[in-house]
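Shown here: run-v5.cif, mmCIF, C-alpha atoms.
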data_coords
loop_
_atom_site.group_PDB
_atom_site.id
_atom_site.type_symbol
_atom_site.label_atom_id
_atom_site.label_comp_id
_atom_site.auth_asym_id
_atom_site.auth_seq_id
_atom_site.Cartn_x
_atom_site.Cartn_y
_atom_site.Cartn_z
ATOM 1 C CA MET A 1 126.008 97.754 16.089
ATOM 2 C CA GLY A 2 124.018 100.795 17.187
ATOM 3 C CA LEU A 3 121.046 98.733 18.382
ATOM 4 C CA THR A 4 121.187 99.705 22.061
ATOM 5 C CA GLY A 5 120.798 103.427 21.368
ATOM 6 C CA ILE A 6 122.989 106.469 20.897
ATOM 7 C CA ILE A 7 126.392 106.598 22.599
ATOM 8 C CA LEU A 8 126.602 109.799 24.655
ATOM 9 C CA ARG A 9 129.994 109.284 26.287
ATOM 10 C CA ALA A 10 133.027 107.080 25.631
ATOM 11 C CA LYS A 11 136.293 106.598 27.501
ATOM 12 C CA PHE A 12 139.467 105.095 26.128
ATOM 13 C CA TYR A 13 143.177 105.022 26.811
ATOM 14 C CA LEU A 14 145.856 106.688 24.697
ATOM 15 C CA LYS A 15 149.467 105.664 24.248
ATOM 16 C CA ARG A 16 152.032 108.409 24.760
ATOM 17 C CA ILE A 17 154.366 108.793 21.769
ATOM 18 C CA GLU A 18 157.324 111.007 20.889
ATOM 19 C CA THR A 19 156.823 111.056 17.121
ATOM 20 C CA SER A 20 154.280 110.115 14.473
ATOM 21 C CA TYR A 21 156.787 107.811 12.782
ATOM 22 C CA ILE A 22 157.074 104.027 12.878
ATOM 23 C CA ARG A 23 160.195 101.866 12.938
ATOM 24 C CA GLN A 24 159.113 99.354 10.323
ATOM 25 C CA THR A 25 160.464 95.889 9.555
ATOM 26 C CA GLN A 26 159.291 93.870 6.555
ATOM 27 C CA ILE A 27 160.101 90.168 6.238
ATOM 28 C CA LYS A 28 159.289 87.991 3.233
ATOM 29 C CA ALA A 29 157.814 84.577 4.031
ATOM 30 C CA ARG A 30 158.075 81.820 1.417
ATOM 31 C CA ASP A 31 154.765 80.154 2.343
ATOM 32 C CA LEU A 32 151.842 80.094 4.775
ATOM 33 C CA PHE A 33 153.712 78.012 7.355
ATOM 34 C CA GLU A 34 156.605 80.466 7.542
ATOM 35 C CA ILE A 35 154.331 83.484 7.981
ATOM 36 C CA LEU A 36 152.492 81.767 10.841
ATOM 37 C CA ASP A 37 155.854 81.013 12.466
ATOM 38 C CA LEU A 38 156.850 84.677 12.079
ATOM 39 C CA PHE A 39 153.672 85.819 13.810
ATOM 40 C CA GLU A 40 154.478 83.540 16.736
ATOM 41 C CA THR A 41 158.099 84.733 16.837
ATOM 42 C CA TYR A 42 157.176 88.421 16.882
ATOM 43 C CA ARG A 43 154.128 88.271 19.161
ATOM 44 C CA SER A 44 155.651 90.948 21.404
ATOM 45 C CA GLN A 45 155.734 93.547 18.600
ATOM 46 C CA PRO A 46 152.981 96.150 19.137
ATOM 47 C CA TYR A 47 151.913 96.329 15.476
ATOM 48 C CA THR A 48 152.040 93.299 13.185
ATOM 49 C CA MET A 49 150.208 92.387 9.993
ATOM 50 C CA ALA A 50 150.944 90.567 6.774
ATOM 51 C CA TRP A 51 150.004 90.808 3.124
ATOM 52 C CA ILE A 52 149.307 87.319 1.813
ATOM 53 C CA ASP A 53 149.160 86.046 -1.777
ATOM 54 C CA CYS A 54 145.857 84.179 -1.791
ATOM 55 C CA LEU A 55 146.298 82.893 -5.362
ATOM 56 C CA LYS A 56 149.759 81.319 -5.176
ATOM 57 C CA ARG A 57 149.866 77.546 -5.494
ATOM 58 C CA GLY A 58 152.524 74.870 -5.081
ATOM 59 C CA LYS A 59 155.453 75.046 -2.717
ATOM 60 C CA HIS A 60 155.003 78.813 -2.200
ATOM 61 C CA PHE A 61 151.327 78.482 -1.256
ATOM 62 C CA GLY A 62 150.390 81.411 0.986
ATOM 63 C CA ARG A 63 153.615 83.357 0.486
ATOM 64 C CA SER A 64 153.494 86.607 2.406
ATOM 65 C CA ILE A 65 155.210 89.773 3.532
ATOM 66 C CA MET A 66 155.087 90.522 7.245
ATOM 67 C CA MET A 67 154.987 94.204 8.192
ATOM 68 C CA MET A 68 155.623 95.053 11.813
ATOM 69 C CA GLY A 69 156.622 98.142 13.678
ATOM 70 C CA GLU A 70 156.740 100.221 16.809
ATOM 71 C CA THR A 71 156.638 103.942 17.412
ATOM 72 C CA ALA A 72 159.957 105.657 16.672
ATOM 73 C CA SER A 73 161.596 107.892 19.254
ATOM 74 C CA TYR A 74 162.765 111.402 18.414
ATOM 75 C CA GLU A 75 166.416 110.293 18.439
ATOM 76 C CA GLN A 76 165.731 107.578 15.858
ATOM 77 C CA LEU A 77 164.438 109.948 13.180
ATOM 78 C CA LYS A 78 166.448 110.994 10.172
ATOM 79 C CA GLN A 79 167.434 114.642 9.933
ATOM 80 C CA SER A 80 164.848 115.183 7.185
ATOM 81 C CA GLN A 81 162.068 113.825 9.429
ATOM 82 C CA ILE A 82 162.735 115.917 12.518
ATOM 83 C CA THR A 83 160.804 118.966 11.303
ATOM 84 C CA SER A 84 157.707 116.781 10.847
ATOM 85 C CA ALA A 85 158.217 114.679 13.963
ATOM 86 C CA LEU A 86 154.575 115.011 15.024
ATOM 87 C CA ALA A 87 152.948 115.634 11.645
ATOM 88 C CA VAL A 88 149.519 114.100 11.122
ATOM 89 C CA HIS A 89 147.833 113.074 7.853
ATOM 90 C CA PRO A 90 149.806 114.307 4.843
ATOM 91 C CA GLN A 91 148.049 115.766 1.828
ATOM 92 C CA LYS A 92 146.938 113.106 -0.651
ATOM 93 C CA HIS A 93 147.930 113.798 -4.242
ATOM 94 C CA ILE A 94 147.137 110.565 -6.087
ATOM 95 C CA SER A 95 143.651 109.792 -7.363
ATOM 96 C CA PHE A 96 142.341 106.774 -9.268
ATOM 97 C CA PRO A 97 140.942 108.549 -12.366
ATOM 98 C CA VAL A 98 138.327 106.132 -13.753
ATOM 99 C CA ASN A 99 136.554 102.876 -12.992
ATOM 100 C CA MET A 100 138.664 99.949 -14.113
ATOM 101 C CA PRO A 101 137.024 97.928 -16.939
ATOM 102 C CA SER A 102 135.704 94.622 -15.623
ATOM 103 C CA PHE A 103 137.770 92.532 -18.044
ATOM 104 C CA VAL A 104 140.966 93.791 -16.382
ATOM 105 C CA LEU A 105 140.018 91.993 -13.163
ATOM 106 C CA ASN A 106 140.910 88.417 -13.981
ATOM 107 C CA PRO A 107 143.136 85.690 -12.488
ATOM 108 C CA PHE A 108 146.065 86.649 -14.726
ATOM 109 C CA SER A 109 146.072 90.339 -13.764
ATOM 110 C CA MET A 110 145.686 89.522 -10.071
ATOM 111 C CA LYS A 111 148.503 86.974 -10.169
ATOM 112 C CA ALA A 112 150.693 89.537 -11.940
ATOM 113 C CA PHE A 113 149.902 92.143 -9.288
ATOM 114 C CA ASN A 114 150.669 89.682 -6.495
ATOM 115 C CA GLN A 115 153.956 88.712 -8.141
ATOM 116 C CA ALA A 116 154.989 92.367 -8.454
ATOM 117 C CA PHE A 117 153.946 93.141 -4.871
ATOM 118 C CA TYR A 118 155.917 90.202 -3.488
ATOM 119 C CA MET A 119 159.017 90.961 -5.561
ATOM 120 C CA LYS A 120 159.099 94.674 -4.674
ATOM 121 C CA ASN A 121 160.923 93.642 -1.506
ATOM 122 C CA TRP A 122 164.209 92.727 -3.119
ATOM 123 C CA LYS A 123 165.686 91.557 0.200
ATOM 124 C CA LYS A 124 164.454 88.988 2.683
ATOM 125 C CA GLU A 125 164.291 91.669 5.380
ATOM 126 C CA LEU A 126 163.921 95.445 5.057
ATOM 127 C CA ARG A 127 164.067 98.025 7.840
ATOM 128 C CA ASN A 128 163.160 101.715 7.641
ATOM 129 C CA ILE A 129 161.328 104.533 9.403
ATOM 130 C CA VAL A 130 158.018 105.595 7.861
ATOM 131 C CA HIS A 131 155.162 107.903 8.784
ATOM 132 C CA TYR A 132 152.266 106.177 10.538
ATOM 133 C CA ASP A 133 149.851 107.083 7.720
ATOM 134 C CA PRO A 134 151.215 104.736 5.017
ATOM 135 C CA PHE A 135 152.006 102.111 7.670
ATOM 136 C CA PHE A 136 148.481 101.856 9.079
ATOM 137 C CA TYR A 137 146.495 103.085 6.066
ATOM 138 C CA PRO A 138 148.413 102.133 2.896
ATOM 139 C CA LEU A 139 145.448 102.664 0.556
ATOM 140 C CA ASP A 140 144.469 106.086 1.880
ATOM 141 C CA LYS A 141 147.153 107.849 -0.145
ATOM 142 C CA ILE A 142 145.169 106.889 -3.255
ATOM 143 C CA LEU A 143 141.843 108.706 -3.525
ATOM 144 C CA HIS A 144 138.944 106.692 -5.003
ATOM 145 C CA TRP A 145 141.003 103.493 -4.918
ATOM 146 C CA ASN A 146 137.741 101.545 -5.012
ATOM 147 C CA ARG A 147 137.521 102.404 -8.714
ATOM 148 C CA GLY A 148 140.171 99.776 -9.263
ATOM 149 C CA TYR A 149 137.414 97.193 -8.789
ATOM 150 C CA GLY A 150 135.228 98.616 -11.559
ATOM 151 C CA LYS A 151 131.664 99.945 -11.513
ATOM 152 C CA LYS A 152 130.306 96.842 -9.779
ATOM 153 C CA GLY A 153 132.544 97.467 -6.792
ATOM 154 C CA PHE A 154 133.711 94.843 -4.318
ATOM 155 C CA ILE A 155 132.767 93.034 -1.139
ATOM 156 C CA GLN A 156 135.160 92.927 1.780
ATOM 157 C CA TYR A 157 135.094 89.620 3.587
ATOM 158 C CA GLN A 158 136.779 89.278 6.978
ATOM 159 C CA PHE A 159 136.716 86.334 9.347
ATOM 160 C CA VAL A 160 138.581 85.140 12.427
ATOM 161 C CA LEU A 161 139.465 81.561 13.354
ATOM 162 C CA PRO A 162 140.402 80.328 16.847
ATOM 163 C CA LEU A 163 144.109 79.726 17.327
ATOM 164 C CA ASP A 164 143.873 75.918 17.524
ATOM 165 C CA ASN A 165 142.050 75.714 14.190
ATOM 166 C CA SER A 166 143.705 78.606 12.366
ATOM 167 C CA LYS A 167 146.323 76.720 10.352
ATOM 168 C CA ASN A 168 143.988 74.060 8.957
ATOM 169 C CA GLY A 169 141.213 76.582 8.443
ATOM 170 C CA LEU A 170 143.421 79.009 6.529
ATOM 171 C CA ILE A 171 144.734 76.199 4.316
ATOM 172 C CA ASP A 172 141.194 75.060 3.559
ATOM 173 C CA ILE A 173 139.883 78.554 2.787
ATOM 174 C CA LEU A 174 142.885 79.649 0.700
ATOM 175 C CA LYS A 175 142.638 76.485 -1.401
ATOM 176 C CA ARG A 176 138.972 77.214 -2.070
ATOM 177 C CA ILE A 177 139.845 80.780 -3.110
ATOM 178 C CA ASN A 178 142.459 79.314 -5.442
ATOM 179 C CA ARG A 179 139.870 77.079 -7.075
ATOM 180 C CA TYR A 180 137.410 79.973 -7.283
ATOM 181 C CA GLY A 181 140.012 81.838 -9.329
ATOM 182 C CA ILE A 182 139.445 85.442 -8.282
ATOM 183 C CA GLY A 183 141.321 86.471 -5.191
ATOM 184 C CA SER A 184 142.035 89.741 -3.469
ATOM 185 C CA PHE A 185 144.640 92.329 -4.441
ATOM 186 C CA LEU A 186 145.288 93.176 -0.806
ATOM 187 C CA ALA A 187 144.647 90.275 1.542
ATOM 188 C CA VAL A 188 145.644 91.142 5.113
ATOM 189 C CA LEU A 189 146.423 88.569 7.796
ATOM 190 C CA LYS A 190 146.641 89.454 11.493
ATOM 191 C CA LEU A 191 147.014 87.591 14.782
ATOM 192 C CA PHE A 192 144.609 88.569 17.557
ATOM 193 C CA GLY A 193 145.431 88.198 21.227
ATOM 194 C CA LYS A 194 143.018 87.105 23.934
ATOM 195 C CA ASP A 195 139.801 89.086 24.107
ATOM 196 C CA GLU A 196 137.576 89.128 27.174
ATOM 197 C CA SER A 197 134.819 91.405 25.871
ATOM 198 C CA PHE A 198 131.230 90.242 26.030
ATOM 199 C CA PHE A 199 130.152 90.622 22.428
ATOM 200 C CA SER A 200 132.786 91.504 19.852
ATOM 201 C CA PHE A 201 134.492 90.124 16.773
ATOM 202 C CA PRO A 202 138.054 89.365 17.972
ATOM 203 C CA MET A 203 139.106 86.088 19.533
ATOM 204 C CA GLU A 204 142.567 84.642 20.070
ATOM 205 C CA GLY A 205 143.478 83.482 16.588
ATOM 206 C CA TYR A 206 144.060 84.620 13.019
ATOM 207 C CA THR A 207 141.899 87.017 11.060
ATOM 208 C CA LEU A 208 142.017 87.391 7.278
ATOM 209 C CA ALA A 209 140.483 90.333 5.383
ATOM 210 C CA LEU A 210 139.880 89.984 1.634
ATOM 211 C CA ASP A 211 138.457 92.251 -1.074
ATOM 212 C CA PHE A 212 136.536 90.321 -3.730
ATOM 213 C CA PRO A 213 135.474 92.144 -6.920
ATOM 214 C CA MET A 214 131.730 91.816 -7.367
ATOM 215 C CA LYS A 215 130.826 89.342 -10.100
ATOM 216 C CA GLN A 216 128.330 86.611 -10.888
ATOM 217 C CA GLY A 217 128.692 83.647 -8.553
ATOM 218 C CA LEU A 218 130.489 85.558 -5.784
ATOM 219 C CA LEU A 219 127.647 85.541 -3.246
ATOM 220 C CA PRO A 220 127.090 81.738 -3.386
ATOM 221 C CA PHE A 221 130.855 81.278 -3.069
ATOM 222 C CA LEU A 222 130.948 83.468 0.050
ATOM 223 C CA ASP A 223 128.050 81.460 1.491
ATOM 224 C CA GLN A 224 130.288 78.393 1.126
ATOM 225 C CA LEU A 225 133.142 80.165 2.906
ATOM 226 C CA ASP A 226 130.753 81.090 5.735
ATOM 227 C CA ARG A 227 130.103 77.383 6.371
ATOM 228 C CA ILE A 228 133.838 76.635 6.418
ATOM 229 C CA VAL A 229 134.412 79.463 8.925
ATOM 230 C CA LEU A 230 131.661 77.990 11.107
ATOM 231 C CA ASP A 231 133.123 74.484 10.821
ATOM 232 C CA TYR A 232 136.420 75.771 12.236
ATOM 233 C CA GLY A 233 134.757 77.678 15.088
ATOM 234 C CA GLY A 234 135.206 81.133 13.610
ATOM 235 C CA ARG A 235 132.985 84.110 12.873
ATOM 236 C CA LEU A 236 132.576 87.033 10.470
ATOM 237 C CA TYR A 237 133.212 90.707 11.163
ATOM 238 C CA LEU A 238 129.826 92.411 11.560
ATOM 239 C CA THR A 239 131.157 95.887 10.760
ATOM 240 C CA LYS A 240 132.143 94.740 7.258
ATOM 241 C CA ASP A 241 129.202 92.403 6.715
ATOM 242 C CA ALA A 242 126.992 93.045 3.680
ATOM 243 C CA ARG A 243 125.419 89.649 3.000
ATOM 244 C CA MET A 244 125.736 87.177 5.901
ATOM 245 C CA LYS A 245 122.788 84.845 6.521
ATOM 246 C CA ALA A 246 120.985 85.055 9.873
ATOM 247 C CA ASP A 247 121.827 81.525 10.983
ATOM 248 C CA VAL A 248 125.551 82.143 10.439
ATOM 249 C CA PHE A 249 125.407 85.108 12.807
ATOM 250 C CA TRP A 250 123.475 83.305 15.560
ATOM 251 C CA LYS A 251 125.675 80.206 15.384
ATOM 252 C CA SER A 252 129.017 82.007 15.363
ATOM 253 C CA TYR A 253 128.563 84.548 18.171
ATOM 254 C CA PRO A 254 128.240 82.499 21.397
ATOM 255 C CA ASN A 255 126.823 85.401 23.437
ATOM 256 C CA ALA A 256 124.294 86.470 20.786
ATOM 257 C CA ALA A 257 121.262 85.285 22.748
ATOM 258 C CA ALA A 258 122.370 86.958 26.004
ATOM 259 C CA TRP A 259 123.292 90.127 24.102
ATOM 260 C CA TYR A 260 119.862 90.108 22.456
ATOM 261 C CA GLU A 261 118.166 90.176 25.872
ATOM 262 C CA ILE A 262 120.205 93.257 26.795
ATOM 263 C CA MET A 263 119.457 94.865 23.447
ATOM 264 C CA ILE A 264 115.669 94.552 23.691
ATOM 265 C CA LYS A 265 115.762 95.943 27.248
ATOM 266 C CA TYR A 266 117.112 99.254 25.932
ATOM 267 C CA ASN A 267 115.599 99.067 22.463
ATOM 268 C CA LYS A 268 111.935 98.400 23.147
ATOM 269 C CA GLY A 269 109.883 98.123 19.990
ATOM 270 C CA TYR A 270 113.081 98.019 17.893
ATOM 271 C CA LYS A 271 113.259 101.798 17.587
ATOM 272 C CA PHE A 272 116.887 101.350 16.589
ATOM 273 C CA ARG A 273 117.234 98.991 13.640
ATOM 274 C CA SER A 274 119.035 98.687 10.332
ATOM 275 C CA SER A 275 118.849 96.729 7.112
ATOM 276 C CA GLN A 276 121.606 94.531 8.573
ATOM 277 C CA SER A 277 119.780 93.878 11.845
ATOM 278 C CA ASP A 278 116.613 92.960 9.925
ATOM 279 C CA ARG A 279 118.566 90.644 7.596
ATOM 280 C CA LEU A 280 120.241 88.922 10.559
ATOM 281 C CA GLU A 281 116.822 88.530 12.225
ATOM 282 C CA ILE A 282 117.846 90.584 15.234
ATOM 283 C CA THR A 283 115.046 93.127 14.859
ATOM 284 C CA VAL A 284 112.462 90.777 13.367
ATOM 285 C CA PRO A 285 110.390 89.775 16.436
ATOM 286 C CA ALA A 286 108.788 86.585 15.106
ATOM 287 C CA ASN A 287 112.113 84.838 14.495
ATOM 288 C CA THR A 288 114.491 86.486 16.921
ATOM 289 C CA LYS A 289 112.466 85.575 19.976
ATOM 290 C CA ASN A 290 113.119 81.900 19.266
ATOM 291 C CA TYR A 291 116.859 82.469 18.963
ATOM 292 C CA ALA A 292 117.128 84.515 22.139
ATOM 293 C CA ASN A 293 115.124 82.137 24.320
ATOM 294 C CA SER A 294 117.119 79.089 23.285
ATOM 295 C CA THR A 295 120.224 77.840 25.021
ATOM 296 C CA HIS A 296 121.063 75.834 21.905
ATOM 297 C CA ILE A 297 120.977 78.350 19.089
ATOM 298 C CA GLY A 298 121.953 75.809 16.433
ATOM 299 C CA SER A 299 118.857 73.662 17.113
ATOM 300 C CA HIS A 300 116.710 76.089 15.121
ATOM 301 C CA PHE A 301 118.449 75.348 11.800
#
Could you write out this structure as structure tokens?
Amino acid sequence: MGLTGIILRAKFYLKRIETSYIRQTQIKARDLFEILDLFETYRSQPYTMAWIDCLKRGKHFGRSIMMMGETASYEQLKQSQITSALAVHPQKHISFPVNMPSFVLNPFSMKAFNQAFYMKNWKKELRNIVHYDPFFYPLDKILHWNRGYGKKGFIQYQFVLPLDNSKNGLIDILKRINRYGIGSFLAVLKLFGKDESFFSFPMEGYTLALDFPMKQGLLPFLDQLDRIVLDYGGRLYLTKDARMKADVFWKSYPNAAAWYEIMIKYNKGYKFRSSQSDRLEITVPANTKNYANSTHIGSHF
């Protein structure tokens, strides 16, 4: 999170591709259990994600649309796509003109949006070839899309649950969102593979990203969700965090104490710090020292 200094050099691998297009398959899932089965079935696909209706109740609880794909070869393109076989970001022509009035964001409008989004796929399974831009970044074609959440804006909340606890955890959390009444227009579910890195967000299991419009009572509700995520052995995504409590961070990242020791070695005197690191008591010496020196982080709370 920028606390060990400035990165001077980075090395990463690239995947060789023939075109900037994706062979896309979309499959409608009638409920949460079917979408989880689809993720297991298509584990070998390089790119998989799902939109999930977080407000649907009854027998179609958790209905979803899986979107998966792989890079298209030159021979697979349509004639009209060949001239732009390696085109990058297209020009964006749509812009959200004004901030949406707050009264528009209510359970009825969100349920109507979710119904329309689910029904837009008129078949159980759709296959086509699309440019990578709308596949990976569906909202980027709309400039200022955040205005759809009104002047108060929104909070993005993303968590991951370990594979063994994912099904029960997702059921629990989605039911609580249902009772809360205000869900997310675009809730995205993904399945992570195994991750061996020392200190990062992913773990083998399911991650769900949600956009909640800012309103009275939202922050206490998210505090409740934090506790549920902890109960199921999960954690929150630090990059999108805007309000997590310090104890949630220290309890959910198992290598936090060891990482802290590395951090202070290269960040003497907390020369690198942020409002987030202060809030999470990473760069607040009086409290953080206790966390880092303990082998049982949870004993401090």
Using all atoms listed in the file, which residues sit within 12 Å of Pro107 (chain A) once same-chain residues fewer than 5 positions away are excluded, as a ChimeraX atom specification? /A:54-56,112-114,177-185,212-213
With the file shown as input, list the residues that the PyMOL selection byres ((chain A and resi 34-42) around 12) selects, as a ChimeraX atom specification. /A:25-33,43-53,59-70,163,166-168,170-171,188-193,205-207
What's the 12 Å shell around Asn146 (chain A), counting all atoms listed in the file, without same-chain residues fewer than 3 positions away, as JSON, numbers by chain? {"A": [95, 96, 97, 98, 99, 100, 139, 140, 142, 143, 149, 150, 151, 152, 153, 154, 155, 156, 185, 211, 212, 213, 214]}
Given all atoms listed in the file as the counted atoms, nearest of A:Ser20, A:Arg57, A:Asp223, A:Phe103 to Gln81 (chain A): A:Ser20
In terms of the shortest atom-to-atom distance over only C-alpha atoms, which of A:Pro254, A:Pro220, A:Ser84, A:Thr283 is closest to Lys268 (chain A)?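 The shortest atom-to-atom distance to Lys268 (chain A) comes from A:Thr283.
The residues caught by the PyMOL selection byres ((chain A and resi 129) around 7) in this file are Tyr21, Ile22, Arg23, Gln24, Asn128 and Val130 of chain A.
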At what distance in Å, to one decimal, does CA of Ser274 (chain A) lie from CA of Ala187 (chain A)?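 CA of Ser274 (chain A) lies 28.4 Å from CA of Ala187 (chain A).
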Can you tell me how far CA of His144 (chain A) sits from CA of Ala209 (chain A), in Å to one decimal? 19.4 Å
Output check: residues returned by the PyMOL selection byres ((chain A and resi 275-279) around 12), as a PyMOL selection string: chain A and resi 1-4+238-250+260+263+270-274+280-288
